file final.tsv (TSV, N, CA and C atoms)
chain	number	residue	atom	x	y	z
A	1	MET	N	6.60	14.20	27.89
A	1	MET	CA	7.27	13.11	27.22
A	1	MET	C	8.54	13.67	26.58
A	2	THR	N	9.63	12.97	26.79
A	2	THR	CA	10.90	13.42	26.23
A	2	THR	C	10.96	13.16	24.72
A	3	THR	N	11.86	13.84	24.07
A	3	THR	CA	12.05	13.65	22.63
A	3	THR	C	12.42	12.21	22.32
A	4	PHE	N	13.29	11.64	23.13
A	4	PHE	CA	13.69	10.24	22.93
A	4	PHE	C	12.48	9.31	23.00
A	5	ASN	N	11.62	9.52	23.99
A	5	ASN	CA	10.43	8.67	24.13
A	5	ASN	C	9.49	8.83	22.94
A	6	ARG	N	9.36	10.04	22.43
A	6	ARG	CA	8.51	10.26	21.25
A	6	ARG	C	9.06	9.51	20.04
A	7	ILE	N	10.37	9.58	19.85
A	7	ILE	CA	10.99	8.88	18.73
A	7	ILE	C	10.82	7.37	18.89
A	8	LEU	N	11.02	6.88	20.10
A	8	LEU	CA	10.86	5.46	20.37
A	8	LEU	C	9.42	5.01	20.11
A	9	LEU	N	8.46	5.80	20.54
A	9	LEU	CA	7.06	5.48	20.31
A	9	LEU	C	6.73	5.48	18.82
A	10	ALA	N	7.21	6.49	18.11
A	10	ALA	CA	6.96	6.56	16.66
A	10	ALA	C	7.56	5.36	15.94
A	11	ALA	N	8.72	4.91	16.38
A	11	ALA	CA	9.36	3.76	15.74
A	11	ALA	C	8.64	2.46	16.08
A	12	ALA	N	8.01	2.39	17.24
A	12	ALA	CA	7.35	1.16	17.67
A	12	ALA	C	5.97	0.97	17.04
A	13	ILE	N	5.30	2.03	16.67
A	13	ILE	CA	3.94	1.92	16.13
A	13	ILE	C	3.87	0.97	14.95
A	14	PRO	N	4.71	1.11	13.92
A	14	PRO	CA	4.61	0.18	12.79
A	14	PRO	C	4.84	-1.28	13.19
A	15	LEU	N	5.72	-1.51	14.17
A	15	LEU	CA	5.98	-2.88	14.61
A	15	LEU	C	4.77	-3.48	15.28
A	16	VAL	N	4.09	-2.70	16.08
A	16	VAL	CA	2.89	-3.17	16.76
A	16	VAL	C	1.79	-3.46	15.74
A	17	VAL	N	1.61	-2.56	14.81
A	17	VAL	CA	0.59	-2.75	13.77
A	17	VAL	C	0.89	-4.00	12.96
A	18	ALA	N	2.13	-4.19	12.55
A	18	ALA	CA	2.49	-5.36	11.75
A	18	ALA	C	2.33	-6.65	12.54
A	19	ALA	N	2.73	-6.62	13.80
A	19	ALA	CA	2.62	-7.82	14.62
A	19	ALA	C	1.17	-8.21	14.83
A	20	ALA	N	0.30	-7.23	14.91
A	20	ALA	CA	-1.11	-7.50	15.11
A	20	ALA	C	-1.81	-7.89	13.82
A	21	GLY	N	-1.12	-7.75	12.69
A	21	GLY	CA	-1.74	-8.06	11.41
A	21	GLY	C	-2.80	-7.04	11.03
A	22	CYS	N	-2.68	-5.86	11.58
A	22	CYS	CA	-3.67	-4.83	11.33
A	22	CYS	C	-3.45	-4.18	9.98
A	23	GLY	N	-4.47	-3.61	9.48
A	23	GLY	CA	-4.41	-2.89	8.22
A	23	GLY	C	-5.82	-2.60	7.80
A	24	PRO	N	-5.97	-1.79	6.79
A	24	PRO	CA	-7.32	-1.47	6.33
A	24	PRO	C	-8.04	-2.74	5.89
A	25	ALA	N	-9.33	-2.75	6.08
A	25	ALA	CA	-10.14	-3.91	5.69
A	25	ALA	C	-9.95	-4.20	4.21
A	26	GLY	N	-9.79	-5.47	3.89
A	26	GLY	CA	-9.63	-5.87	2.50
A	26	GLY	C	-8.21	-5.79	1.97
A	27	TRP	N	-7.25	-5.42	2.81
A	27	TRP	CA	-5.85	-5.32	2.39
A	27	TRP	C	-5.06	-6.45	3.04
A	28	GLU	N	-4.29	-7.17	2.26
A	28	GLU	CA	-3.34	-8.15	2.77
A	28	GLU	C	-2.19	-7.39	3.42
A	29	ASN	N	-1.50	-8.01	4.35
A	29	ASN	CA	-0.30	-7.38	4.90
A	29	ASN	C	0.94	-8.24	4.67
A	30	ASN	N	0.80	-9.24	3.77
A	30	ASN	CA	1.90	-10.12	3.43
A	30	ASN	C	2.13	-10.06	1.93
A	31	PHE	N	3.29	-9.58	1.53
A	31	PHE	CA	3.60	-9.37	0.11
A	31	PHE	C	3.49	-10.66	-0.69
A	32	GLU	N	4.16	-11.72	-0.24
A	32	GLU	CA	4.15	-12.98	-0.98
A	32	GLU	C	2.75	-13.58	-1.07
A	33	ALA	N	2.03	-13.55	0.04
A	33	ALA	CA	0.67	-14.09	0.03
A	33	ALA	C	-0.23	-13.30	-0.91
A	34	GLY	N	-0.07	-12.00	-0.92
A	34	GLY	CA	-0.88	-11.15	-1.80
A	34	GLY	C	-0.60	-11.41	-3.26
A	35	LEU	N	0.68	-11.51	-3.63
A	35	LEU	CA	1.02	-11.77	-5.03
A	35	LEU	C	0.62	-13.18	-5.45
A	36	SER	N	0.71	-14.14	-4.54
A	36	SER	CA	0.25	-15.50	-4.85
A	36	SER	C	-1.25	-15.52	-5.08
A	37	ARG	N	-1.98	-14.81	-4.24
A	37	ARG	CA	-3.43	-14.73	-4.40
A	37	ARG	C	-3.79	-14.06	-5.73
A	38	ALA	N	-3.09	-12.99	-6.07
A	38	ALA	CA	-3.34	-12.30	-7.34
A	38	ALA	C	-3.11	-13.25	-8.52
A	39	ALA	N	-2.06	-14.05	-8.45
A	39	ALA	CA	-1.77	-15.00	-9.53
A	39	ALA	C	-2.87	-16.05	-9.63
A	40	SER	N	-3.29	-16.59	-8.49
A	40	SER	CA	-4.31	-17.64	-8.52
A	40	SER	C	-5.67	-17.10	-8.97
A	41	GLU	N	-5.96	-15.84	-8.67
A	41	GLU	CA	-7.23	-15.23	-9.07
A	41	GLU	C	-7.12	-14.52	-10.42
A	42	ARG	N	-5.91	-14.51	-11.00
A	42	ARG	CA	-5.65	-13.84	-12.28
A	42	ARG	C	-6.11	-12.39	-12.26
A	43	ARG	N	-5.72	-11.71	-11.17
A	43	ARG	CA	-6.01	-10.28	-11.01
A	43	ARG	C	-4.71	-9.55	-10.73
A	44	PRO	N	-4.68	-8.26	-11.04
A	44	PRO	CA	-3.49	-7.49	-10.67
A	44	PRO	C	-3.44	-7.28	-9.16
A	45	ALA	N	-2.24	-7.07	-8.66
A	45	ALA	CA	-2.05	-6.75	-7.24
A	45	ALA	C	-1.64	-5.29	-7.13
A	46	LEU	N	-2.27	-4.58	-6.22
A	46	LEU	CA	-1.89	-3.21	-5.91
A	46	LEU	C	-1.16	-3.25	-4.57
A	47	VAL	N	0.13	-2.94	-4.59
A	47	VAL	CA	0.93	-2.95	-3.38
A	47	VAL	C	1.18	-1.50	-2.97
A	48	MET	N	0.77	-1.18	-1.76
A	48	MET	CA	0.98	0.16	-1.21
A	48	MET	C	2.08	0.09	-0.17
A	49	PHE	N	3.15	0.83	-0.40
A	49	PHE	CA	4.18	1.00	0.62
A	49	PHE	C	3.77	2.22	1.43
A	50	SER	N	3.59	2.00	2.73
A	50	SER	CA	3.09	3.07	3.60
A	50	SER	C	3.87	3.09	4.90
A	51	SER	N	3.49	4.02	5.75
A	51	SER	CA	4.07	4.12	7.08
A	51	SER	C	2.99	4.62	8.03
A	52	ALA	N	2.94	4.03	9.20
A	52	ALA	CA	1.96	4.44	10.20
A	52	ALA	C	2.19	5.87	10.67
A	53	VAL	N	3.37	6.41	10.43
A	53	VAL	CA	3.68	7.77	10.89
A	53	VAL	C	3.65	8.78	9.75
A	54	SER	N	3.15	8.39	8.58
A	54	SER	CA	3.11	9.30	7.43
A	54	SER	C	1.78	10.03	7.34
A	55	PRO	N	1.80	11.37	7.38
A	55	PRO	CA	0.55	12.12	7.23
A	55	PRO	C	-0.07	11.93	5.84
A	56	ASP	N	0.75	11.72	4.82
A	56	ASP	CA	0.21	11.51	3.47
A	56	ASP	C	-0.54	10.18	3.39
A	57	CYS	N	-0.01	9.14	4.03
A	57	CYS	CA	-0.70	7.85	4.06
A	57	CYS	C	-2.01	7.97	4.84
A	58	ALA	N	-1.97	8.68	5.95
A	58	ALA	CA	-3.19	8.88	6.74
A	58	ALA	C	-4.24	9.63	5.93
A	59	GLN	N	-3.80	10.61	5.15
A	59	GLN	CA	-4.74	11.37	4.32
A	59	GLN	C	-5.37	10.46	3.26
A	60	MET	N	-4.59	9.58	2.66
A	60	MET	CA	-5.14	8.62	1.68
A	60	MET	C	-6.19	7.74	2.37
A	61	ASP	N	-5.87	7.26	3.59
A	61	ASP	CA	-6.80	6.41	4.33
A	61	ASP	C	-8.11	7.13	4.63
A	62	GLU	N	-8.01	8.40	5.00
A	62	GLU	CA	-9.19	9.15	5.44
A	62	GLU	C	-10.01	9.73	4.29
A	63	GLU	N	-9.34	10.15	3.22
A	63	GLU	CA	-10.04	10.90	2.18
A	63	GLU	C	-10.18	10.18	0.85
A	64	VAL	N	-9.26	9.30	0.53
A	64	VAL	CA	-9.25	8.70	-0.81
A	64	VAL	C	-9.87	7.31	-0.82
A	65	PHE	N	-9.39	6.41	0.03
A	65	PHE	CA	-9.89	5.03	0.00
A	65	PHE	C	-11.39	4.91	0.27
A	66	PRO	N	-12.00	5.76	1.10
A	66	PRO	CA	-13.46	5.66	1.31
A	66	PRO	C	-14.30	6.16	0.13
A	67	ASP	N	-13.70	6.87	-0.82
A	67	ASP	CA	-14.45	7.43	-1.95
A	67	ASP	C	-15.12	6.29	-2.73
A	68	PRO	N	-16.43	6.42	-3.04
A	68	PRO	CA	-17.15	5.34	-3.72
A	68	PRO	C	-16.54	4.93	-5.06
A	69	GLN	N	-16.08	5.89	-5.85
A	69	GLN	CA	-15.48	5.55	-7.14
A	69	GLN	C	-14.17	4.78	-6.94
A	70	VAL	N	-13.37	5.22	-5.99
A	70	VAL	CA	-12.11	4.53	-5.70
A	70	VAL	C	-12.40	3.12	-5.22
A	71	ARG	N	-13.35	2.98	-4.32
A	71	ARG	CA	-13.68	1.65	-3.78
A	71	ARG	C	-14.11	0.69	-4.87
A	72	SER	N	-14.90	1.17	-5.83
A	72	SER	CA	-15.37	0.28	-6.88
A	72	SER	C	-14.22	-0.20	-7.77
A	73	VAL	N	-13.25	0.67	-8.03
A	73	VAL	CA	-12.11	0.26	-8.87
A	73	VAL	C	-11.14	-0.60	-8.06
A	74	LEU	N	-10.97	-0.31	-6.77
A	74	LEU	CA	-10.07	-1.10	-5.93
A	74	LEU	C	-10.47	-2.57	-5.89
A	75	ASP	N	-11.76	-2.84	-6.05
A	75	ASP	CA	-12.24	-4.23	-6.01
A	75	ASP	C	-11.65	-5.08	-7.13
A	76	SER	N	-11.10	-4.45	-8.16
A	76	SER	CA	-10.47	-5.19	-9.27
A	76	SER	C	-9.09	-5.72	-8.89
A	77	PHE	N	-8.54	-5.26	-7.79
A	77	PHE	CA	-7.17	-5.59	-7.39
A	77	PHE	C	-7.13	-6.44	-6.13
A	78	VAL	N	-6.11	-7.27	-6.03
A	78	VAL	CA	-5.73	-7.83	-4.74
A	78	VAL	C	-4.88	-6.75	-4.10
A	79	ARG	N	-5.29	-6.28	-2.93
A	79	ARG	CA	-4.63	-5.14	-2.29
A	79	ARG	C	-3.68	-5.62	-1.20
A	80	VAL	N	-2.47	-5.09	-1.24
A	80	VAL	CA	-1.43	-5.46	-0.28
A	80	VAL	C	-0.84	-4.18	0.29
A	81	ARG	N	-0.80	-4.09	1.59
A	81	ARG	CA	-0.22	-2.90	2.24
A	81	ARG	C	1.01	-3.32	3.02
A	82	ILE	N	2.13	-2.69	2.69
A	82	ILE	CA	3.42	-3.05	3.26
A	82	ILE	C	3.99	-1.85	4.00
A	83	ASP	N	4.45	-2.07	5.23
A	83	ASP	CA	5.07	-0.99	5.98
A	83	ASP	C	6.50	-0.78	5.49
A	84	TYR	N	6.74	0.39	4.98
A	84	TYR	CA	8.02	0.78	4.39
A	84	TYR	C	9.17	0.63	5.38
A	85	LEU	N	8.94	0.97	6.63
A	85	LEU	CA	10.01	0.93	7.63
A	85	LEU	C	10.38	-0.50	8.02
A	86	ILE	N	9.41	-1.38	8.02
A	86	ILE	CA	9.65	-2.77	8.39
A	86	ILE	C	10.21	-3.56	7.20
A	87	HIS	N	9.69	-3.31	6.03
A	87	HIS	CA	10.08	-4.06	4.83
A	87	HIS	C	10.96	-3.22	3.92
A	88	ASN	N	11.99	-2.61	4.53
A	88	ASN	CA	12.85	-1.71	3.75
A	88	ASN	C	13.69	-2.44	2.71
A	89	LYS	N	14.00	-3.71	2.92
A	89	LYS	CA	14.75	-4.47	1.91
A	89	LYS	C	13.90	-4.62	0.64
A	90	LEU	N	12.65	-5.00	0.81
A	90	LEU	CA	11.74	-5.12	-0.34
A	90	LEU	C	11.56	-3.76	-1.01
A	91	ALA	N	11.42	-2.72	-0.21
A	91	ALA	CA	11.27	-1.37	-0.77
A	91	ALA	C	12.49	-1.00	-1.63
A	92	ARG	N	13.67	-1.31	-1.13
A	92	ARG	CA	14.89	-1.01	-1.91
A	92	ARG	C	14.92	-1.82	-3.21
A	93	GLU	N	14.53	-3.09	-3.15
A	93	GLU	CA	14.52	-3.94	-4.34
A	93	GLU	C	13.60	-3.37	-5.42
A	94	LEU	N	12.53	-2.71	-4.99
A	94	LEU	CA	11.56	-2.15	-5.94
A	94	LEU	C	11.78	-0.66	-6.18
A	95	ASN	N	12.89	-0.13	-5.67
A	95	ASN	CA	13.24	1.29	-5.84
A	95	ASN	C	12.20	2.24	-5.24
A	96	VAL	N	11.57	1.81	-4.16
A	96	VAL	CA	10.62	2.67	-3.46
A	96	VAL	C	11.42	3.60	-2.56
A	97	ARG	N	11.19	4.90	-2.72
A	97	ARG	CA	11.97	5.89	-1.97
A	97	ARG	C	11.15	6.73	-1.01
A	98	SER	N	9.82	6.65	-1.15
A	98	SER	CA	8.97	7.49	-0.30
A	98	SER	C	7.62	6.81	-0.12
A	99	VAL	N	6.86	7.34	0.82
A	99	VAL	CA	5.51	6.82	1.05
A	99	VAL	C	4.52	7.96	0.92
A	100	PRO	N	3.34	7.66	0.45
A	100	PRO	CA	2.95	6.37	-0.11
A	100	PRO	C	3.51	6.16	-1.50
A	101	THR	N	3.82	4.92	-1.82
A	101	THR	CA	4.16	4.51	-3.18
A	101	THR	C	3.29	3.31	-3.52
A	102	PHE	N	2.72	3.34	-4.71
A	102	PHE	CA	1.84	2.27	-5.18
A	102	PHE	C	2.52	1.55	-6.34
A	103	VAL	N	2.60	0.23	-6.24
A	103	VAL	CA	3.18	-0.59	-7.30
A	103	VAL	C	2.12	-1.59	-7.74
A	104	VAL	N	1.81	-1.61	-9.04
A	104	VAL	CA	0.85	-2.57	-9.57
A	104	VAL	C	1.62	-3.71	-10.20
A	105	PHE	N	1.28	-4.93	-9.77
A	105	PHE	CA	1.89	-6.14	-10.32
A	105	PHE	C	0.86	-6.89	-11.15
A	106	ARG	N	1.29	-7.39	-12.29
A	106	ARG	CA	0.47	-8.30	-13.09
A	106	ARG	C	0.44	-9.66	-12.37
A	107	PRO	N	-0.49	-10.54	-12.74
A	107	PRO	CA	-0.52	-11.86	-12.10
A	107	PRO	C	0.78	-12.66	-12.27
A	108	ASP	N	1.57	-12.36	-13.30
A	108	ASP	CA	2.85	-13.06	-13.48
A	108	ASP	C	3.98	-12.43	-12.65
A	109	ARG	N	3.63	-11.48	-11.80
A	109	ARG	CA	4.55	-10.79	-10.88
A	109	ARG	C	5.42	-9.73	-11.54
A	110	SER	N	5.18	-9.42	-12.79
A	110	SER	CA	5.91	-8.31	-13.41
A	110	SER	C	5.24	-7.00	-13.02
A	111	VAL	N	6.02	-5.94	-12.98
A	111	VAL	CA	5.51	-4.63	-12.57
A	111	VAL	C	4.81	-3.98	-13.76
A	112	ALA	N	3.56	-3.59	-13.55
A	112	ALA	CA	2.79	-2.90	-14.59
A	112	ALA	C	2.92	-1.39	-14.46
A	113	GLY	N	3.01	-0.88	-13.23
A	113	GLY	CA	3.08	0.56	-13.04
A	113	GLY	C	3.45	0.94	-11.62
A	114	VAL	N	3.94	2.15	-11.48
A	114	VAL	CA	4.35	2.68	-10.17
A	114	VAL	C	3.89	4.13	-10.08
A	115	GLN	N	3.42	4.50	-8.89
A	115	GLN	CA	3.04	5.89	-8.63
A	115	GLN	C	3.53	6.26	-7.24
A	116	GLU	N	4.32	7.32	-7.16
A	116	GLU	CA	4.80	7.81	-5.87
A	116	GLU	C	3.97	8.99	-5.42
A	117	GLY	N	3.73	9.07	-4.13
A	117	GLY	CA	3.08	10.23	-3.54
A	117	GLY	C	1.58	10.10	-3.40
A	118	LYS	N	1.04	10.96	-2.54
A	118	LYS	CA	-0.40	10.95	-2.31
A	118	LYS	C	-1.12	11.52	-3.53
A	119	MET	N	-2.36	11.11	-3.67
A	119	MET	CA	-3.20	11.58	-4.77
A	119	MET	C	-4.58	11.88	-4.22
A	120	ASP	N	-5.33	12.70	-4.94
A	120	ASP	CA	-6.73	12.88	-4.57
A	120	ASP	C	-7.51	11.70	-5.16
A	121	ALA	N	-8.79	11.60	-4.82
A	121	ALA	CA	-9.59	10.46	-5.23
A	121	ALA	C	-9.66	10.33	-6.75
A	122	ARG	N	-9.82	11.44	-7.44
A	122	ARG	CA	-9.94	11.39	-8.90
A	122	ARG	C	-8.64	10.88	-9.54
A	123	SER	N	-7.52	11.42	-9.12
A	123	SER	CA	-6.22	11.00	-9.68
A	123	SER	C	-5.94	9.54	-9.37
A	124	PHE	N	-6.27	9.12	-8.15
A	124	PHE	CA	-6.02	7.73	-7.77
A	124	PHE	C	-6.91	6.80	-8.58
A	125	SER	N	-8.17	7.18	-8.79
A	125	SER	CA	-9.07	6.37	-9.62
A	125	SER	C	-8.51	6.21	-11.03
A	126	PHE	N	-8.02	7.30	-11.61
A	126	PHE	CA	-7.44	7.23	-12.96
A	126	PHE	C	-6.22	6.30	-12.98
A	127	PHE	N	-5.39	6.40	-11.95
A	127	PHE	CA	-4.23	5.51	-11.85
A	127	PHE	C	-4.67	4.05	-11.83
A	128	LEU	N	-5.67	3.75	-11.00
A	128	LEU	CA	-6.15	2.37	-10.89
A	128	LEU	C	-6.77	1.89	-12.20
A	129	ILE	N	-7.58	2.73	-12.81
A	129	ILE	CA	-8.25	2.35	-14.06
A	129	ILE	C	-7.22	2.02	-15.14
A	130	ARG	N	-6.16	2.78	-15.16
A	130	ARG	CA	-5.11	2.55	-16.16
A	130	ARG	C	-4.53	1.14	-16.08
A	131	TYR	N	-4.43	0.60	-14.86
A	131	TYR	CA	-3.79	-0.70	-14.66
A	131	TYR	C	-4.75	-1.83	-14.28
A	132	ARG	N	-6.03	-1.54	-14.27
A	132	ARG	CA	-7.01	-2.53	-13.83
A	132	ARG	C	-6.92	-3.82	-14.66
A	133	TYR	N	-6.69	-3.68	-15.95
A	133	TYR	CA	-6.63	-4.86	-16.82
A	133	TYR	C	-5.21	-5.16	-17.25
A	134	TYR	N	-4.26	-4.55	-16.57
A	134	TYR	CA	-2.82	-4.74	-16.75
A	134	TYR	C	-2.49	-4.91	-18.20
call {"tool": "encode", "arguments": {"input": "final.tsv", "output": "structure tokens"}}
result
Amino acid sequence: MTTFNRILLAAAIPLVVAAAGCGPAGWENNFEAGLSRAASERRPALVMFSSAVSPDCAQMDEEVFPDPQVRSVLDSFVRVRIDYLIHNKLARELNVRSVPTFVVFRPDRSVAGVQEGKMDARSFSFFLIRYRYY
């Protein structure tokens, strides 16, 4: 496979995933729908800016999100996963510069907190607990 084909394939993966509506179970893939749901349920929204080609995002998927403590705290949030490459305008509006980046929104759509970079399960749990009740 040529270098050009590899680059083309890497660029196409997020588009295919987004078009298929794929994402981790329990995660919305629509920013507006997720924030509207959070407002109607009076829960905070956890928005993850990710990329299908990011090893750090893959590591979070494989090692952090399955952790029982993380899963129990995640249930307090409406979870929204946004592809950074596809939704770069939204990422710029929120000053997201890298993936993964986590933004917690209160039900009124104001930002409660931001965390850039991958975390281990313990650190991620502490981050979530801090903003669970916004």
call {"tool": "atom_distance", "arguments": {"input": "final.tsv", "atom1": "atom N of Asn95 (chain A)", "atom2": "atom N of Phe31 (chain A)"}}
result
15.3 Å
call {"tool": "residues_around", "arguments": {"input": "final.tsv", "residues": "region 61-68 of chain A", "least_positions_apart": "5", "cutoff": "9 Å", "atoms": "only C-alpha atoms", "output": "PyMOL selection string"}}
result
chain A and resi 24+56+73-74+119-122+124
call {"tool": "write_last_selection", "arguments": {"input": "final.tsv", "atoms": "N, CA and C atoms", "output": "JSON list (two decimals), in the frame of the given file"}}
result
[["chain", "number", "residue", "atom", "x", "y", "z"],
["A", 24, "PRO", "N", -5.97, -1.79, 6.79],
["A", 24, "PRO", "CA", -7.32, -1.47, 6.33],
["A", 24, "PRO", "C", -8.04, -2.74, 5.89],
["A", 56, "ASP", "N", 0.75, 11.72, 4.82],
["A", 56, "ASP", "CA", 0.21, 11.51, 3.47],
["A", 56, "ASP", "C", -0.54, 10.18, 3.39],
["A", 73, "VAL", "N", -13.25, 0.67, -8.03],
["A", 73, "VAL", "CA", -12.11, 0.26, -8.87],
["A", 73, "VAL", "C", -11.14, -0.60, -8.06],
["A", 74, "LEU", "N", -10.97, -0.31, -6.77],
["A", 74, "LEU", "CA", -10.07, -1.10, -5.93],
["A", 74, "LEU", "C", -10.47, -2.57, -5.89],
["A", 119, "MET", "N", -2.36, 11.11, -3.67],
["A", 119, "MET", "CA", -3.20, 11.58, -4.77],
["A", 119, "MET", "C", -4.58, 11.88, -4.22],
["A", 120, "ASP", "N", -5.33, 12.70, -4.94],
["A", 120, "ASP", "CA", -6.73, 12.88, -4.57],
["A", 120, "ASP", "C", -7.51, 11.70, -5.16],
["A", 121, "ALA", "N", -8.79, 11.60, -4.82],
["A", 121, "ALA", "CA", -9.59, 10.46, -5.23],
["A", 121, "ALA", "C", -9.66, 10.33, -6.75],
["A", 122, "ARG", "N", -9.82, 11.44, -7.44],
["A", 122, "ARG", "CA", -9.94, 11.39, -8.90],
["A", 122, "ARG", "C", -8.64, 10.88, -9.54],
["A", 124, "PHE", "N", -6.27, 9.12, -8.15],
["A", 124, "PHE", "CA", -6.02, 7.73, -7.77],
["A", 124, "PHE", "C", -6.91, 6.80, -8.58]]
call {"tool": "atom_distance", "arguments": {"input": "final.tsv", "atom1": "CA of Pro55 (chain A)", "atom2": "CA of Asn30 (chain A)"}}
result
22.6 Å
call {"tool": "residues_around", "arguments": {"input": "final.tsv", "residues": "Gly26 (chain A)", "least_positions_apart": "5", "cutoff": "8 Å", "atoms": "all atoms listed in the file", "output": "count of residues only"}}
result
4
call {"tool": "select_by_dssp", "arguments": {"input": "final.tsv", "residues": "region 26-66 of chain A", "states": "helix (DSSP H, G or I)", "output": "mmCIF file with N, CA and C atoms, in the coordinates of the input"}}
result
data_model
loop_
_atom_site.group_PDB
_atom_site.id
_atom_site.type_symbol
_atom_site.label_atom_id
_atom_site.label_comp_id
_atom_site.auth_asym_id
_atom_site.auth_seq_id
_atom_site.Cartn_x
_atom_site.Cartn_y
_atom_site.Cartn_z
ATOM 1 N N PHE A 31 3.290 -9.580 1.530
ATOM 2 C CA PHE A 31 3.600 -9.370 0.110
ATOM 3 C C PHE A 31 3.490 -10.660 -0.690
ATOM 4 N N GLU A 32 4.160 -11.720 -0.240
ATOM 5 C CA GLU A 32 4.150 -12.980 -0.980
ATOM 6 C C GLU A 32 2.750 -13.580 -1.070
ATOM 7 N N ALA A 33 2.030 -13.550 0.040
ATOM 8 C CA ALA A 33 0.670 -14.090 0.030
ATOM 9 C C ALA A 33 -0.230 -13.300 -0.910
ATOM 10 N N GLY A 34 -0.070 -12.000 -0.920
ATOM 11 C CA GLY A 34 -0.880 -11.150 -1.800
ATOM 12 C C GLY A 34 -0.600 -11.410 -3.260
ATOM 13 N N LEU A 35 0.680 -11.510 -3.630
ATOM 14 C CA LEU A 35 1.020 -11.770 -5.030
ATOM 15 C C LEU A 35 0.620 -13.180 -5.450
ATOM 16 N N SER A 36 0.710 -14.140 -4.540
ATOM 17 C CA SER A 36 0.250 -15.500 -4.850
ATOM 18 C C SER A 36 -1.250 -15.520 -5.080
ATOM 19 N N ARG A 37 -1.980 -14.810 -4.240
ATOM 20 C CA ARG A 37 -3.430 -14.730 -4.400
ATOM 21 C C ARG A 37 -3.790 -14.060 -5.730
ATOM 22 N N ALA A 38 -3.090 -12.990 -6.070
ATOM 23 C CA ALA A 38 -3.340 -12.300 -7.340
ATOM 24 C C ALA A 38 -3.110 -13.250 -8.520
ATOM 25 N N ALA A 39 -2.060 -14.050 -8.450
ATOM 26 C CA ALA A 39 -1.770 -15.000 -9.530
ATOM 27 C C ALA A 39 -2.870 -16.050 -9.630
ATOM 28 N N SER A 40 -3.290 -16.590 -8.490
ATOM 29 C CA SER A 40 -4.310 -17.640 -8.520
ATOM 30 C C SER A 40 -5.670 -17.100 -8.970
ATOM 31 N N GLU A 41 -5.960 -15.840 -8.670
ATOM 32 C CA GLU A 41 -7.230 -15.230 -9.070
ATOM 33 C C GLU A 41 -7.120 -14.520 -10.420
ATOM 34 N N PRO A 55 1.800 11.370 7.380
ATOM 35 C CA PRO A 55 0.550 12.120 7.230
ATOM 36 C C PRO A 55 -0.070 11.930 5.840
ATOM 37 N N ASP A 56 0.750 11.720 4.820
ATOM 38 C CA ASP A 56 0.210 11.510 3.470
ATOM 39 C C ASP A 56 -0.540 10.180 3.390
ATOM 40 N N CYS A 57 -0.010 9.140 4.030
ATOM 41 C CA CYS A 57 -0.700 7.850 4.060
ATOM 42 C C CYS A 57 -2.010 7.970 4.840
ATOM 43 N N ALA A 58 -1.970 8.680 5.950
ATOM 44 C CA ALA A 58 -3.190 8.880 6.740
ATOM 45 C C ALA A 58 -4.240 9.630 5.930
ATOM 46 N N GLN A 59 -3.800 10.610 5.150
ATOM 47 C CA GLN A 59 -4.740 11.370 4.320
ATOM 48 C C GLN A 59 -5.370 10.460 3.260
ATOM 49 N N MET A 60 -4.590 9.580 2.660
ATOM 50 C CA MET A 60 -5.140 8.620 1.680
ATOM 51 C C MET A 60 -6.190 7.740 2.370
ATOM 52 N N ASP A 61 -5.870 7.260 3.590
ATOM 53 C CA ASP A 61 -6.800 6.410 4.330
ATOM 54 C C ASP A 61 -8.110 7.130 4.630
ATOM 55 N N GLU A 62 -8.010 8.400 5.000
ATOM 56 C CA GLU A 62 -9.190 9.150 5.440
ATOM 57 C C GLU A 62 -10.010 9.730 4.290
ATOM 58 N N GLU A 63 -9.340 10.150 3.220
ATOM 59 C CA GLU A 63 -10.040 10.900 2.180
ATOM 60 C C GLU A 63 -10.180 10.180 0.850
ATOM 61 N N VAL A 64 -9.260 9.300 0.530
ATOM 62 C CA VAL A 64 -9.250 8.700 -0.810
ATOM 63 C C VAL A 64 -9.870 7.310 -0.820
#
call {"tool": "closest_residue", "arguments": {"input": "final.tsv", "among": "A:Ala39, A:Ala33, A:Ala58, A:Leu46", "to": "Phe105 (chain A)", "atoms": "only C-alpha atoms"}}
result
A:Leu46
call {"tool": "atom_distance", "arguments": {"input": "final.tsv", "atom1": "CA of Glu116 (chain A)", "atom2": "CA of Ser50 (chain A)"}}
result
10.7 Å
call {"tool": "closest_residue", "arguments": {"input": "final.tsv", "among": "A:Gln69, A:Ser110, A:Ser76, A:Ser51", "to": "Tyr131 (chain A)", "atoms": "only N, CA and C atoms"}}
result
A:Ser76
call {"tool": "residues_around", "arguments": {"input": "final.tsv", "residues": "Val104 (chain A)", "least_positions_apart": "4", "cutoff": "8 Å", "atoms": "only N, CA and C atoms", "output": "list in words"}}
result
Pro44, Ala45, Leu46, Val47, Met48, Arg109, Ser110, Val111, Ala112, Gly113, Val114, Gln115, Tyr131 and Tyr134 of chain A
call {"tool": "select_by_dssp", "arguments": {"input": "final.tsv", "residues": "chain A", "states": "strand (DSSP E)", "output": "ChimeraX atom specification"}}
result
/A:27-28,45-50,78-83,101-105,111-116
call {"tool": "closest_residue", "arguments": {"input": "final.tsv", "among": "A:Trp27, A:Ser40, A:Asp83, A:Gly34", "to": "Ala52 (chain A)", "atoms": "all atoms listed in the file"}}
result
A:Asp83
call {"tool": "closest_residue", "arguments": {"input": "final.tsv", "among": "A:Val70, A:Phe49, A:Ile86, A:Arg37", "to": "Pro100 (chain A)", "atoms": "only N, CA and C atoms"}}
result
A:Phe49
call {"tool": "decode", "arguments": {"input": "final.tsv", "residues": "region 56-67 of chain A", "atoms": "C-alpha atoms", "output": "tab-separated table (two decimals), in the first residue's frame"}}
result
chain	number	residue	atom	x	y	z
A	56	ASP	CA	-4.62	7.71	23.15
A	57	CYS	CA	-8.36	7.54	22.39
A	58	ALA	CA	-8.05	3.83	21.62
A	59	GLN	CA	-6.27	3.31	24.93
A	60	MET	CA	-9.09	5.09	26.79
A	61	ASP	CA	-11.61	2.84	24.98
A	62	GLU	CA	-9.72	-0.33	25.82
A	63	GLU	CA	-8.44	0.34	29.33
A	64	VAL	CA	-10.39	3.14	30.99
A	65	PHE	CA	-14.05	3.07	29.90
A	66	PRO	CA	-14.50	-0.66	30.75
A	67	ASP	CA	-13.26	-0.10	34.34
